[in-house]
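*Asks:* Data: structure-v5.pdb, PDB, C-alpha atoms, pLDDT in the B column.
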ATOM      1  CA  MET A  30      81.385 100.393 107.651  1.00 48.00           C
ATOM      2  CA  LEU A  31      81.239  97.508 105.217  1.00 51.00           C
ATOM      3  CA  ALA A  32      77.887  98.827 104.005  1.00 48.00           C
ATOM      4  CA  LEU A  33      79.650 102.066 103.032  1.00 47.00           C
ATOM      5  CA  THR A  34      82.160 100.087 101.022  1.00 53.00           C
ATOM      6  CA  ALA A  35      79.438  98.025  99.366  1.00 48.00           C
ATOM      7  CA  ALA A  36      77.621 101.244  98.454  1.00 49.00           C
ATOM      8  CA  GLY A  37      80.780 102.599  96.806  1.00 61.00           C
ATOM      9  CA  ARG A  38      81.310 105.237  99.477  1.00 66.00           C
ATOM     10  CA  HIS A  39      84.992 104.415  99.913  1.00 72.00           C
ATOM     11  CA  GLU A  40      86.186 107.725 101.375  1.00 81.00           C
ATOM     12  CA  GLU A  41      83.538 107.532 104.103  1.00 81.00           C
ATOM     13  CA  ALA A  42      84.510 103.927 104.798  1.00 79.00           C
ATOM     14  CA  ILE A  43      88.173 104.963 104.990  1.00 83.00           C
ATOM     15  CA  ARG A  44      87.299 107.655 107.567  1.00 82.00           C
ATOM     16  CA  GLU A  45      85.309 105.149 109.631  1.00 82.00           C
ATOM     17  CA  PHE A  46      88.128 102.592 109.639  1.00 80.00           C
ATOM     18  CA  GLU A  47      90.638 105.359 110.430  1.00 82.00           C
ATOM     19  CA  ASN A  48      88.520 106.160 113.493  1.00 81.00           C
ATOM     20  CA  THR A  49      88.468 102.489 114.480  1.00 78.00           C
ATOM     21  CA  VAL A  50      92.244 102.270 114.199  1.00 75.00           C
ATOM     22  CA  ARG A  51      92.689 105.586 116.013  1.00 81.00           C
ATOM     23  CA  VAL A  52      90.712 104.200 118.979  1.00 83.00           C
ATOM     24  CA  ASP A  53      92.454 100.815 118.850  1.00 80.00           C
ATOM     25  CA  PRO A  54      95.695 100.969 116.816  1.00 75.00           C
ATOM     26  CA  TRP A  55      96.188  97.232 117.234  1.00 73.00           C
ATOM     27  CA  HIS A  56      92.771  96.229 115.853  1.00 78.00           C
ATOM     28  CA  GLU A  57      93.974  93.788 113.205  1.00 84.00           C
ATOM     29  CA  GLY A  58      90.671  93.584 111.318  1.00 84.00           C
ATOM     30  CA  GLY A  59      90.363  97.367 111.237  1.00 85.00           C
ATOM     31  CA  CYS A  60      93.954  97.767 110.035  1.00 85.00           C
ATOM     32  CA  THR A  61      93.426  95.164 107.311  1.00 90.00           C
ATOM     33  CA  ALA A  62      90.200  96.741 106.063  1.00 89.00           C
ATOM     34  CA  LEU A  63      91.749 100.212 106.161  1.00 91.00           C
ATOM     35  CA  GLY A  64      94.841  99.010 104.296  1.00 92.00           C
ATOM     36  CA  LEU A  65      92.767  97.394 101.561  1.00 93.00           C
ATOM     37  CA  LEU A  66      90.579 100.486 101.157  1.00 92.00           C
ATOM     38  CA  LEU A  67      93.608 102.783 101.043  1.00 94.00           C
ATOM     39  CA  ALA A  68      95.261 100.570  98.421  1.00 94.00           C
ATOM     40  CA  GLU A  69      92.086 100.578  96.341  1.00 92.00           C
ATOM     41  CA  ALA A  70      92.032 104.381  96.583  1.00 92.00           C
ATOM     42  CA  GLY A  71      95.637 104.526  95.340  1.00 94.00           C
ATOM     43  CA  ARG A  72      97.005 105.681  98.691  1.00 94.00           C
ATOM     44  CA  LEU A  73      99.697 103.023  98.578  1.00 97.00           C
ATOM     45  CA  ASP A  74     102.160 104.382 101.136  1.00 96.00           C
ATOM     46  CA  GLU A  75      99.412 104.676 103.754  1.00 94.00           C
ATOM     47  CA  ALA A  76      98.156 101.193 102.893  1.00 95.00           C
ATOM     48  CA  ALA A  77     101.671  99.779 103.264  1.00 97.00           C
ATOM     49  CA  GLY A  78     101.858 101.417 106.698  1.00 93.00           C
ATOM     50  CA  CYS A  79      98.719  99.564 107.777  1.00 93.00           C
ATOM     51  CA  PHE A  80     100.087  96.197 106.725  1.00 94.00           C
ATOM     52  CA  SER A  81     103.459  96.923 108.328  1.00 94.00           C
ATOM     53  CA  ARG A  82     101.626  97.647 111.594  1.00 90.00           C
ATOM     54  CA  ILE A  83      99.806  94.315 111.294  1.00 92.00           C
ATOM     55  CA  LEU A  84     103.149  92.539 110.868  1.00 93.00           C
ATOM     56  CA  GLU A  85     104.285  94.108 114.146  1.00 90.00           C
ATOM     57  CA  MET A  86     101.221  92.534 115.778  1.00 85.00           C
ATOM     58  CA  SER A  87     101.293  89.206 113.979  1.00 83.00           C
ATOM     59  CA  PRO A  88     104.490  88.484 112.016  1.00 84.00           C
ATOM     60  CA  ARG A  89     103.329  84.985 111.133  1.00 88.00           C
ATOM     61  CA  GLY A  90     100.303  85.974 109.064  1.00 89.00           C
ATOM     62  CA  ALA A  91     100.447  85.476 105.295  1.00 95.00           C
ATOM     63  CA  ASP A  92      97.967  88.213 104.385  1.00 95.00           C
ATOM     64  CA  PRO A  93     100.030  91.236 105.478  1.00 96.00           C
ATOM     65  CA  TYR A  94     103.033  89.957 103.507  1.00 97.00           C
ATOM     66  CA  LYS A  95     100.783  89.225 100.527  1.00 98.00           C
ATOM     67  CA  TYR A  96      99.183  92.673 100.544  1.00 97.00           C
ATOM     68  CA  LEU A  97     102.508  94.430 101.148  1.00 97.00           C
ATOM     69  CA  GLY A  98     103.988  92.520  98.223  1.00 98.00           C
ATOM     70  CA  MET A  99     101.103  93.493  95.970  1.00 98.00           C
ATOM     71  CA  ILE A 100     101.442  97.133  97.034  1.00 98.00           C
ATOM     72  CA  ASP A 101     105.219  97.030  96.556  1.00 97.00           C
ATOM     73  CA  LEU A 102     104.684  95.721  93.033  1.00 97.00           C
ATOM     74  CA  ARG A 103     102.320  98.614  92.265  1.00 96.00           C
ATOM     75  CA  ARG A 104     104.857 101.075  93.715  1.00 97.00           C
ATOM     76  CA  GLY A 105     107.639  99.650  91.539  1.00 96.00           C
ATOM     77  CA  LYS A 106     109.532  98.200  94.511  1.00 97.00           C
ATOM     78  CA  VAL A 107     109.916  94.841  92.822  1.00 97.00           C
ATOM     79  CA  LYS A 108     112.703  93.367  94.984  1.00 97.00           C
ATOM     80  CA  GLN A 109     110.716  94.224  98.108  1.00 97.00           C
ATOM     81  CA  ALA A 110     107.624  92.699  96.468  1.00 98.00           C
ATOM     82  CA  VAL A 111     109.508  89.464  95.786  1.00 98.00           C
ATOM     83  CA  SER A 112     110.656  89.346  99.404  1.00 98.00           C
ATOM     84  CA  ASN A 113     107.183  89.934 100.868  1.00 98.00           C
ATOM     85  CA  LEU A 114     105.388  87.636  98.435  1.00 98.00           C
ATOM     86  CA  SER A 115     107.969  84.886  99.021  1.00 98.00           C
ATOM     87  CA  LYS A 116     107.326  85.114 102.776  1.00 97.00           C
ATOM     88  CA  ALA A 117     103.578  84.970 102.142  1.00 98.00           C
ATOM     89  CA  GLY A 118     104.045  81.928  99.911  1.00 97.00           C
ATOM     90  CA  LEU A 119     105.979  80.104 102.617  1.00 97.00           C
ATOM     91  CA  LEU A 120     103.235  80.832 105.135  1.00 96.00           C
ATOM     92  CA  ARG A 121     100.404  79.935 102.744  1.00 97.00           C
ATOM     93  CA  PRO A 122     101.738  77.734  99.939  1.00 97.00           C
ATOM     94  CA  ASP A 123      98.255  76.869  98.664  1.00 97.00           C
ATOM     95  CA  ASP A 124      97.241  80.460  97.781  1.00 98.00           C
ATOM     96  CA  PRO A 125      97.305  80.820  93.986  1.00 98.00           C
ATOM     97  CA  GLU A 126      97.051  84.617  94.145  1.00 98.00           C
ATOM     98  CA  ILE A 127     100.321  84.852  96.063  1.00 98.00           C
ATOM     99  CA  HIS A 128     102.106  82.726  93.450  1.00 98.00           C
ATOM    100  CA  SER A 129     100.607  84.686  90.548  1.00 98.00           C
ATOM    101  CA  GLU A 130     101.681  87.996  92.063  1.00 98.00           C
ATOM    102  CA  LEU A 131     105.147  86.584  92.746  1.00 98.00           C
ATOM    103  CA  GLY A 132     105.263  85.427  89.131  1.00 98.00           C
ATOM    104  CA  LEU A 133     104.439  88.959  87.963  1.00 98.00           C
ATOM    105  CA  ALA A 134     107.258  90.334  90.110  1.00 98.00           C
ATOM    106  CA  HIS A 135     109.730  87.840  88.644  1.00 98.00           C
ATOM    107  CA  LEU A 136     108.455  88.512  85.123  1.00 98.00           C
ATOM    108  CA  SER A 137     108.965  92.253  85.553  1.00 96.00           C
ATOM    109  CA  GLN A 138     112.584  91.655  86.627  1.00 96.00           C
ATOM    110  CA  GLY A 139     113.346  89.367  83.706  1.00 97.00           C
ATOM    111  CA  GLU A 140     113.588  86.335  86.000  1.00 98.00           C
ATOM    112  CA  TYR A 141     111.688  84.106  83.605  1.00 99.00           C
ATOM    113  CA  GLN A 142     112.558  80.720  85.146  1.00 99.00           C
ATOM    114  CA  ASP A 143     111.347  81.952  88.537  1.00 98.00           C
ATOM    115  CA  ALA A 144     108.229  83.375  86.878  1.00 99.00           C
ATOM    116  CA  VAL A 145     107.525  79.978  85.284  1.00 99.00           C
ATOM    117  CA  ALA A 146     107.869  78.296  88.682  1.00 98.00           C
ATOM    118  CA  SER A 147     105.524  80.788  90.362  1.00 98.00           C
ATOM    119  CA  PHE A 148     102.832  80.737  87.673  1.00 98.00           C
ATOM    120  CA  SER A 149     103.031  76.928  87.526  1.00 98.00           C
ATOM    121  CA  GLN A 150     102.497  76.779  91.276  1.00 98.00           C
ATOM    122  CA  ALA A 151      99.495  79.103  90.953  1.00 98.00           C
ATOM    123  CA  LEU A 152      98.042  76.840  88.276  1.00 98.00           C
ATOM    124  CA  GLU A 153      98.505  73.766  90.473  1.00 98.00           C
ATOM    125  CA  GLN A 154      96.069  75.402  92.888  1.00 97.00           C
ATOM    126  CA  ASN A 155      93.761  76.914  90.258  1.00 96.00           C
ATOM    127  CA  PRO A 156      94.152  75.242  86.838  1.00 96.00           C
ATOM    128  CA  ARG A 157      91.482  77.452  85.233  1.00 94.00           C
ATOM    129  CA  ASP A 158      93.173  80.762  86.033  1.00 96.00           C
ATOM    130  CA  THR A 159      93.366  82.296  82.563  1.00 96.00           C
ATOM    131  CA  ASP A 160      95.556  85.181  83.752  1.00 97.00           C
ATOM    132  CA  ALA A 161      98.128  82.758  85.179  1.00 98.00           C
ATOM    133  CA  HIS A 162      98.081  80.785  81.904  1.00 98.00           C
ATOM    134  CA  HIS A 163      98.563  84.004  79.924  1.00 98.00           C
ATOM    135  CA  ASN A 164     101.435  85.196  82.118  1.00 98.00           C
ATOM    136  CA  LEU A 165     103.046  81.751  82.068  1.00 98.00           C
ATOM    137  CA  ALA A 166     102.863  81.843  78.268  1.00 98.00           C
ATOM    138  CA  ILE A 167     104.690  85.187  78.279  1.00 98.00           C
ATOM    139  CA  ALA A 168     107.417  83.768  80.528  1.00 99.00           C
ATOM    140  CA  TYR A 169     107.829  80.724  78.287  1.00 98.00           C
ATOM    141  CA  LYS A 170     107.926  82.926  75.195  1.00 98.00           C
ATOM    142  CA  ARG A 171     110.685  85.054  76.715  1.00 98.00           C
ATOM    143  CA  LEU A 172     112.602  81.863  77.493  1.00 98.00           C
ATOM    144  CA  GLY A 173     112.232  80.845  73.855  1.00 98.00           C
ATOM    145  CA  ASN A 174     109.996  77.851  74.554  1.00 98.00           C
ATOM    146  CA  MET A 175     107.372  78.552  71.898  1.00 98.00           C
ATOM    147  CA  GLU A 176     105.657  75.171  72.260  1.00 98.00           C
ATOM    148  CA  LYS A 177     104.885  75.763  75.952  1.00 98.00           C
ATOM    149  CA  ALA A 178     104.020  79.401  75.225  1.00 97.00           C
ATOM    150  CA  LYS A 179     101.412  78.350  72.634  1.00 97.00           C
ATOM    151  CA  GLU A 180     100.004  75.734  75.001  1.00 96.00           C
ATOM    152  CA  HIS A 181      99.435  78.295  77.750  1.00 97.00           C
ATOM    153  CA  PHE A 182      98.259  81.048  75.406  1.00 95.00           C
ATOM    154  CA  SER A 183      95.612  78.595  74.187  1.00 96.00           C
ATOM    155  CA  ALA A 184      94.663  77.725  77.762  1.00 95.00           C
ATOM    156  CA  SER A 185      94.259  81.431  78.531  1.00 95.00           C
ATOM    157  CA  LEU A 186      91.528  81.829  75.915  1.00 93.00           C
ATOM    158  CA  PRO A 187      87.889  81.309  76.858  1.00 79.00           C
ATOM    159  CA  SER A 188      86.608  77.891  75.806  1.00 70.00           C
ATOM    160  CA  ASP A 189      83.565  79.509  74.174  1.00 57.00           C
ATOM    161  CA  PRO A 190      84.319  83.088  73.067  1.00 56.00           C
ATOM    162  CA  LYS A 191      80.646  83.705  72.220  1.00 56.00           C
ATOM    163  CA  LYS A 192      79.689  82.964  75.809  1.00 47.00           C
ATOM    164  CA  GLN A 193      82.248  85.460  77.140  1.00 50.00           C
ATOM    165  CA  TYR A 194      80.825  88.351  75.110  1.00 43.00           C
ATOM    166  CA  SER A 195      77.164  87.494  75.587  1.00 41.00           C
ATOM    167  CA  GLN A 196      77.246  88.029  79.336  1.00 41.00           C
TER
END
Take the structure in the file and write it out as structure tokens.
*Replies:*
Amino acid sequence: MLALTAAGRHEEAIREFENTVRVDPWHEGGCTALGLLLAEAGRLDEAAGCFSRILEMSPRGADPYKYLGMIDLRRGKVKQAVSNLSKAGLLRPDDPEIHSELGLAHLSQGEYQDAVASFSQALEQNPRDTDAHHNLAIAYKRLGNMEKAKEHFSASLPSDPKKQYSQ
């Protein structure tokens, strides 16, 4: 099944994982893989259903909350995204992706102080994350802190622009 995904045959992989989950609805790995494939295919409601099922099985896992939060953000359910991503962050505080996604949710709601806190936490874990620097700069700019905004905009740029475009 993973070979199908690697070969770009996502719909076939989705069907295979659907069969796995049909045979064993509580197969956590199958539900996770299916949810990720469905999300990638833009079938967000179905993907959310997979991760909700996983939470019924294992409510203490960070990944289902993380993926649900990311899906909620894509569906425009920002408050729900904040809730799910916050739960994921409590369960896995050292995951920079969770904090970056939470920062995006706060940024989209105009909660700039909370966005700064989330992006800063992401950068504590991964100081070279140019996207987190860029988004943190936006949050600082919206707060009127131009000095910090410039600092993080600069950090979001590649150190050698020629190298970036020569690859």
*Asks:* Could you list, as a PDB file with C-alpha atoms, in the frame of the given file, every residue matched by the PyMOL selection byres ((chain A and resi 100) around 12) in this structure?
*Replies:*
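Below is the file expr.pdb, written as the result:
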ATOM      1  CA  GLY A  64      94.841  99.010 104.296  1.00 92.00           C
ATOM      2  CA  LEU A  65      92.767  97.394 101.561  1.00 93.00           C
ATOM      3  CA  LEU A  67      93.608 102.783 101.043  1.00 94.00           C
ATOM      4  CA  ALA A  68      95.261 100.570  98.421  1.00 94.00           C
ATOM      5  CA  GLU A  69      92.086 100.578  96.341  1.00 92.00           C
ATOM      6  CA  ALA A  70      92.032 104.381  96.583  1.00 92.00           C
ATOM      7  CA  GLY A  71      95.637 104.526  95.340  1.00 94.00           C
ATOM      8  CA  ARG A  72      97.005 105.681  98.691  1.00 94.00           C
ATOM      9  CA  LEU A  73      99.697 103.023  98.578  1.00 97.00           C
ATOM     10  CA  ASP A  74     102.160 104.382 101.136  1.00 96.00           C
ATOM     11  CA  GLU A  75      99.412 104.676 103.754  1.00 94.00           C
ATOM     12  CA  ALA A  76      98.156 101.193 102.893  1.00 95.00           C
ATOM     13  CA  ALA A  77     101.671  99.779 103.264  1.00 97.00           C
ATOM     14  CA  GLY A  78     101.858 101.417 106.698  1.00 93.00           C
ATOM     15  CA  CYS A  79      98.719  99.564 107.777  1.00 93.00           C
ATOM     16  CA  PHE A  80     100.087  96.197 106.725  1.00 94.00           C
ATOM     17  CA  SER A  81     103.459  96.923 108.328  1.00 94.00           C
ATOM     18  CA  PRO A  93     100.030  91.236 105.478  1.00 96.00           C
ATOM     19  CA  TYR A  94     103.033  89.957 103.507  1.00 97.00           C
ATOM     20  CA  LYS A  95     100.783  89.225 100.527  1.00 98.00           C
ATOM     21  CA  TYR A  96      99.183  92.673 100.544  1.00 97.00           C
ATOM     22  CA  LEU A  97     102.508  94.430 101.148  1.00 97.00           C
ATOM     23  CA  GLY A  98     103.988  92.520  98.223  1.00 98.00           C
ATOM     24  CA  MET A  99     101.103  93.493  95.970  1.00 98.00           C
ATOM     25  CA  ASP A 101     105.219  97.030  96.556  1.00 97.00           C
ATOM     26  CA  LEU A 102     104.684  95.721  93.033  1.00 97.00           C
ATOM     27  CA  ARG A 103     102.320  98.614  92.265  1.00 96.00           C
ATOM     28  CA  ARG A 104     104.857 101.075  93.715  1.00 97.00           C
ATOM     29  CA  GLY A 105     107.639  99.650  91.539  1.00 96.00           C
ATOM     30  CA  LYS A 106     109.532  98.200  94.511  1.00 97.00           C
ATOM     31  CA  VAL A 107     109.916  94.841  92.822  1.00 97.00           C
ATOM     32  CA  GLN A 109     110.716  94.224  98.108  1.00 97.00           C
ATOM     33  CA  ALA A 110     107.624  92.699  96.468  1.00 98.00           C
ATOM     34  CA  VAL A 111     109.508  89.464  95.786  1.00 98.00           C
ATOM     35  CA  ASN A 113     107.183  89.934 100.868  1.00 98.00           C
ATOM     36  CA  LEU A 114     105.388  87.636  98.435  1.00 98.00           C
ATOM     37  CA  GLU A 130     101.681  87.996  92.063  1.00 98.00           C
ATOM     38  CA  LEU A 131     105.147  86.584  92.746  1.00 98.00           C
ATOM     39  CA  ALA A 134     107.258  90.334  90.110  1.00 98.00           C
TER      40      ALA A 134
END
*Asks:* Given the file above and the PyMOL selection byres ((chain A and resi 60) around 8), which residues are selected, and can you give them as a ChimeraX atom specification?
*Replies:* /A:46,50,54-59,61-64,79-80,82-83
*Asks:* Apply the PyMOL selection byres ((chain A and resi 123) around 12) to the structure shown and report the selected residues as a ChimeraX atom specification.
*Replies:* /A:91,117-122,124-129,147,150-155
*Asks:* I'd like the contact shell of segment 176-183 of chain A - 10 Å cut-off, all atoms listed in the file, skipping same-chain residues fewer than 4 positions apart - returned as a PyMOL selection string.
*Replies:* chain A and resi 159-172+187-188
*Asks:* For atom CA of Ala42 of chain A and atom CA of Met86 of chain A, quote the distance in Å rounded to one decimal.
*Replies:*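 So the answer is 23.0 Å.
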*Asks:* For atom CA of Glu47 of chain A and atom CA of Pro88 of chain A, quote the distance in Å rounded to one decimal.
*Replies:*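 Atom CA of Glu47 of chain A sits 21.9 Å away from atom CA of Pro88 of chain A.
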*Asks:* Could you tell me how far atom CA of Pro156 of chain A sits from atom CA of Ser185 of chain A, in Å to one decimal place?
*Replies:*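 A separation of 10.4 Å between them.
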*Asks:* For Gly132 of chain A, which residue out of A:Glu40, A:Asp53, A:Ala144, A:Ser87 is the nearest one, using only C-alpha atoms?
*Replies:* A:Ala144
